[in-house]
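What follows is data.cif (mmCIF, C-alpha atoms).
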```cif
data_my_file
#
loop_
_atom_site.label_atom_id
_atom_site.label_comp_id
_atom_site.auth_asym_id
_atom_site.auth_seq_id
_atom_site.Cartn_x
_atom_site.Cartn_y
_atom_site.Cartn_z
CA MET K 164 -50.66 137.07 -58.96
CA ARG K 165 -49.49 134.87 -56.07
CA ARG K 166 -47.71 131.57 -56.41
CA TRP K 167 -49.81 128.49 -55.71
CA LEU K 168 -46.86 126.27 -54.91
CA SER K 169 -45.41 128.28 -52.04
CA THR K 170 -43.77 126.66 -49.02
CA TRP K 171 -46.73 127.41 -46.80
CA ASN K 172 -49.26 126.00 -49.25
CA LEU K 173 -47.27 122.77 -49.61
CA LEU K 174 -46.92 122.47 -45.81
CA GLY K 175 -50.69 123.05 -45.37
CA ALA K 176 -51.50 120.43 -48.00
CA LEU K 177 -49.19 117.93 -46.26
CA VAL K 178 -50.87 118.53 -42.87
CA PHE K 179 -54.30 118.18 -44.52
CA LEU K 180 -53.33 114.87 -46.17
CA LEU K 181 -51.90 113.47 -42.90
CA GLY K 182 -55.10 114.44 -41.04
CA ALA K 183 -57.25 112.84 -43.72
CA LEU K 184 -55.14 109.67 -43.55
CA PHE K 185 -55.54 109.40 -39.75
CA TYR K 186 -59.25 110.10 -40.04
CA LEU K 187 -59.78 107.36 -42.59
CA ARG K 188 -57.74 104.84 -40.59
CA SER K 189 -59.60 105.57 -37.36
CA GLY K 190 -62.89 104.70 -39.05
CA GLN K 191 -61.57 101.20 -39.84
CA GLU K 192 -60.91 100.30 -36.18
CA THR K 193 -63.56 98.32 -34.41
CA LEU K 194 -65.58 100.26 -31.90
CA SER K 195 -65.72 99.08 -28.31
CA LYS K 196 -68.49 96.63 -27.57
CA PRO K 197 -71.34 97.70 -25.29
CA LEU K 198 -71.24 96.44 -21.71
CA PRO K 199 -73.51 93.53 -20.92
CA LEU K 200 -76.63 94.34 -18.97
CA PRO K 201 -76.69 93.23 -15.34
CA PRO K 202 -78.69 90.11 -14.55
CA ALA K 203 -82.33 90.64 -13.77
CA LEU K 204 -82.86 92.01 -10.27
CA GLU K 205 -85.45 89.37 -9.54
CA ALA K 206 -82.92 86.61 -10.19
CA ARG K 207 -80.60 87.78 -7.44
CA ALA K 208 -80.61 85.80 -4.23
CA PRO K 209 -81.68 87.64 -1.07
CA LYS K 210 -78.75 88.90 0.96
CA ARG K 211 -78.29 87.89 4.58
CA VAL K 212 -76.50 90.11 7.10
CA ALA K 213 -75.32 89.25 10.61
CA VAL K 214 -76.27 92.04 13.02
CA ASN K 215 -74.71 92.66 16.44
CA LEU K 216 -77.48 94.14 18.56
CA TYR K 217 -76.50 96.04 21.70
CA LEU K 218 -79.67 95.94 23.77
CA PRO K 219 -79.98 98.09 26.89
CA THR K 220 -80.10 96.25 30.21
CA PRO K 221 -80.15 98.98 32.85
CA PRO K 222 -78.30 99.35 35.16
CA GLN K 223 -75.72 96.75 34.02
CA GLY K 224 -75.12 98.22 30.56
CA PHE K 225 -75.66 96.53 27.22
CA MET K 226 -76.35 92.92 26.27
CA LYS K 227 -74.92 91.77 22.95
CA LYS K 228 -77.25 89.66 20.83
CA MET K 229 -76.43 88.23 17.40
CA GLU K 230 -79.21 88.13 14.82
CA GLU K 231 -79.21 87.31 11.13
CA VAL K 232 -81.38 89.46 8.90
CA GLN K 233 -82.50 88.82 5.37
CA LEU K 234 -82.58 91.91 3.19
CA ALA K 235 -85.32 92.33 0.65
CA LEU K 236 -84.63 93.87 -2.72
CA GLY K 237 -83.69 97.54 -2.29
CA GLU K 238 -83.37 97.42 1.50
CA GLU K 239 -80.35 99.01 3.12
CA ALA K 240 -78.49 96.87 5.68
CA TYR K 241 -77.91 99.83 8.03
CA GLN K 242 -81.59 100.73 8.15
CA LYS K 243 -82.62 97.10 8.63
CA ALA K 244 -80.17 96.68 11.54
CA LEU K 245 -81.59 99.65 13.44
CA GLU K 246 -85.17 98.59 12.70
CA LEU K 247 -84.34 95.22 14.24
CA TRP K 248 -82.84 97.00 17.28
CA LEU K 249 -86.04 99.04 17.69
CA LYS K 250 -88.15 95.90 17.38
CA GLU K 251 -86.07 94.03 19.97
CA THR K 252 -86.21 96.92 22.47
CA GLY K 253 -89.88 97.69 21.86
CA LYS K 254 -89.17 101.35 21.08
CA THR K 255 -91.40 103.23 18.67
CA LEU K 256 -89.09 105.65 16.95
CA SER K 257 -88.91 106.81 13.37
CA LEU K 258 -85.38 107.06 12.03
CA GLN K 259 -83.32 106.98 8.86
CA VAL K 260 -79.70 105.88 8.46
CA PHE K 261 -77.25 107.16 5.86
CA ARG K 262 -73.62 106.43 5.13
CA ARG K 263 -71.43 109.54 4.88
CA GLY K 264 -67.68 109.21 4.40
CA GLU K 265 -66.28 106.94 7.08
CA GLY K 266 -69.28 107.33 9.35
CA PHE K 267 -73.02 107.01 9.66
CA VAL K 268 -75.69 109.67 10.03
CA VAL K 269 -78.86 108.76 11.91
CA ASN K 270 -81.79 111.11 11.49
CA LEU K 271 -84.23 110.81 14.39
CA GLN K 272 -87.66 112.02 13.37
CA THR K 273 -89.72 113.36 16.27
CA PRO K 274 -87.58 111.78 19.00
CA PRO K 275 -89.11 110.97 22.37
CA ARG K 276 -88.91 113.95 24.75
CA ASP K 277 -89.94 112.06 27.88
CA LEU K 278 -86.66 110.15 28.37
CA ASP K 279 -84.46 110.67 31.39
CA VAL K 280 -80.67 110.82 31.09
CA GLU K 281 -80.28 107.06 31.43
CA GLY K 282 -82.94 106.42 28.78
CA GLU K 283 -81.25 108.80 26.33
CA VAL K 284 -77.84 107.22 26.91
CA PHE K 285 -79.15 103.71 26.35
CA LEU K 286 -81.13 104.76 23.26
CA LEU K 287 -78.34 106.65 21.49
CA TYR K 288 -75.43 104.44 22.46
CA GLY K 289 -77.42 101.28 21.74
CA LEU K 290 -78.13 102.52 18.21
CA ALA K 291 -74.55 103.71 17.72
CA TYR K 292 -72.90 100.53 19.03
CA THR K 293 -75.23 98.36 16.92
CA LEU K 294 -74.11 100.22 13.79
CA LEU K 295 -70.42 100.44 14.66
CA TYR K 296 -69.96 96.83 15.76
CA THR K 297 -72.06 95.39 12.91
CA PHE K 298 -70.50 97.49 10.14
CA PRO K 299 -66.82 98.06 11.02
CA GLU K 300 -66.27 100.25 7.94
CA GLY K 301 -68.03 103.02 9.86
CA LYS K 302 -65.89 104.90 12.35
CA SER K 303 -68.51 107.15 13.96
CA VAL K 304 -72.24 107.84 14.21
CA ARG K 305 -73.62 111.36 13.96
CA PHE K 306 -77.19 111.98 15.19
CA LEU K 307 -79.55 114.54 13.67
CA VAL K 308 -82.93 115.52 15.09
CA ASP K 309 -85.61 116.12 12.43
CA GLY K 310 -82.89 116.48 9.79
CA GLN K 311 -81.00 119.23 11.60
CA PRO K 312 -77.89 119.16 13.79
CA SER K 313 -79.02 119.42 17.37
CA LEU K 314 -77.50 119.83 20.79
CA GLY K 315 -79.58 116.89 21.94
CA PHE K 316 -82.95 115.77 23.17
CA ALA K 317 -82.81 117.22 26.62
CA HIS K 318 -79.74 115.89 28.39
CA LEU K 319 -77.08 114.71 25.93
CA ASP K 320 -74.91 116.77 23.58
CA LEU K 321 -75.35 115.48 20.01
CA SER K 322 -73.09 118.06 18.37
CA GLU K 323 -70.19 115.55 18.25
CA PRO K 324 -70.38 112.09 16.64
CA ILE K 325 -70.24 108.96 18.75
CA SER K 326 -67.33 106.60 18.09
CA LEU K 327 -66.12 103.37 19.64
CA PRO K 328 -64.04 103.64 22.83
#
```
Go ahead and express the file in the form of structure tokens.
Amino acid sequence: MRRWLSTWNLLGALVFLLGALFYLRSGQETLSKPLPLPPALEARAPKRVAVNLYLPTPPQGFMKKMEEVQLALGEEAYQKALELWLKETGKTLSLQVFRRGEGFVVNLQTPPRDLDVEGEVFLLYGLAYTLLYTFPEGKSVRFLVDGQPSLGFAHLDLSEPISLP
């Protein structure tokens, strides 16, 4: 018959007792408190954003116009800025703006195909400059056409992002 009080049995019992001691002590510590819930969304004040609009004035270039926009609950400032630009220029264009890394991505849905070179330049650079000068955290603007990378509408190459000079 084997010995019950061998070195290995005593060592195992010691490890078991130490583990049990730590387990019992850890149960006595207070658990972390739950985080407080954020204040009700309705109680938040509407956010106001200053937008630098770069409106096309052919053939001189762009005219800078400062506007202040109030964001409703859930509205994105980037999207609101470009919607204001479209309203000011009278363009009917469906677009979406996303933030990606250090830049912006603008998805043009069914872009106008009847623009000449000058019209395309003023449209794309007006949108890009409005984003880049209003939100300096963005370094470039990448344009997509119907959600896909595109070489352009008809005249301009959209394969590279637009950045400030």
Shell of 12 Å around Lys254 of chain K, only C-alpha atoms, local chain residues under 2 positions omitted, as JSON, numbers by chain: {"K": [218, 219, 245, 246, 247, 248, 249, 250, 251, 252, 256, 257, 258, 274, 275, 278, 282, 285, 286, 289, 290]}
Atom-to-atom span, atom CA of Thr293 of chain K and atom CA of Tyr241 of chain K, Å: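 Separating atom CA of Thr293 of chain K from atom CA of Tyr241 of chain K is a distance of 9.4 Å.
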Residue with smallest distance to Val308 of chain K - pool K:Thr220, K:Gln242, K:Asn270, K:Thr255, counting all atoms listed in the file: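 Distance minimum relative to Val308 of chain K lands on K:Asn270.
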Could you pull the residues within 7 Å of Tyr217 of chain K, counting all atoms listed in the file, minus those fewer than 6 positions along the same chain, as a short mmCIF file (atom, residue, chain, number, x, y, z; two decimals) with C-alpha atoms, in the coordinates of the input?
```
data_model
loop_
_atom_site.label_atom_id
_atom_site.label_comp_id
_atom_site.auth_asym_id
_atom_site.auth_seq_id
_atom_site.Cartn_x
_atom_site.Cartn_y
_atom_site.Cartn_z
CA PHE K 225 -75.66 96.53 27.22
CA MET K 226 -76.35 92.92 26.27
CA LYS K 227 -74.92 91.77 22.95
CA LYS K 228 -77.25 89.66 20.83
CA GLY K 289 -77.42 101.28 21.74
CA TYR K 292 -72.90 100.53 19.03
CA THR K 293 -75.23 98.36 16.92
#
```
Taking every listed atom of segment 258-268 of chain K and adding 6 Å to each side, what centre and edge lengths in Å (one decimal) does the axis-aligned box have, as lines of an AutoDock Vina configuration file?
```
center_x = -75.8
center_y = 107.8
center_z = 8.2
size_x = 31.1
size_y = 15.8
size_z = 19.6
```
Hits from the PyMOL selection byres ((chain K and resi 213) around 12), listed as a list in words: Lys210, Arg211, Val212, Val214, Asn215, Leu216, Lys228, Met229, Glu230, Glu231, Val232, Gln233, Leu234, Ala240, Tyr241, Lys243, Ala244, Leu247, Thr293, Leu294, Tyr296, Thr297 and Phe298 of chain K
Atom CA of Arg305 of chain K to atom CA of Glu323 of chain K, distance in Å rounded to a single decimal: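 Distance between the two atoms: 6.9 Å.
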Coordinates-based distance that separates atom CA of Glu283 of chain K from atom CA of Glu238 of chain K (Å, one decimal): 27.4 Å
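Distances from K:Ser322, K:Ser195, K:Ser313, K:Ser303 to Leu271 of chain K were compared using only C-alpha atoms, and the smallest one belongs to K:Ser313.
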Contacts of Gly264 of chain K at 12 Å (all atoms listed in the file; same-chain gap of 2+ positions) as a list in words: Phe261, Arg262, Gly266, Phe267, Val268, Glu300, Gly301, Lys302, Ser303, Val304 and Arg305 of chain K
Cut-off 10 Å around (-80.0, 111.3, 27.7) with only C-alpha atoms: residues as a list in words: Arg276, Asp277, Leu278, Asp279, Val280, Glu281, Gly282, Glu283, Val284, Phe285, Leu286, Leu287, Tyr288, Gly315, Phe316, Ala317, His318, Leu319, Asp320 and Leu321 of chain K
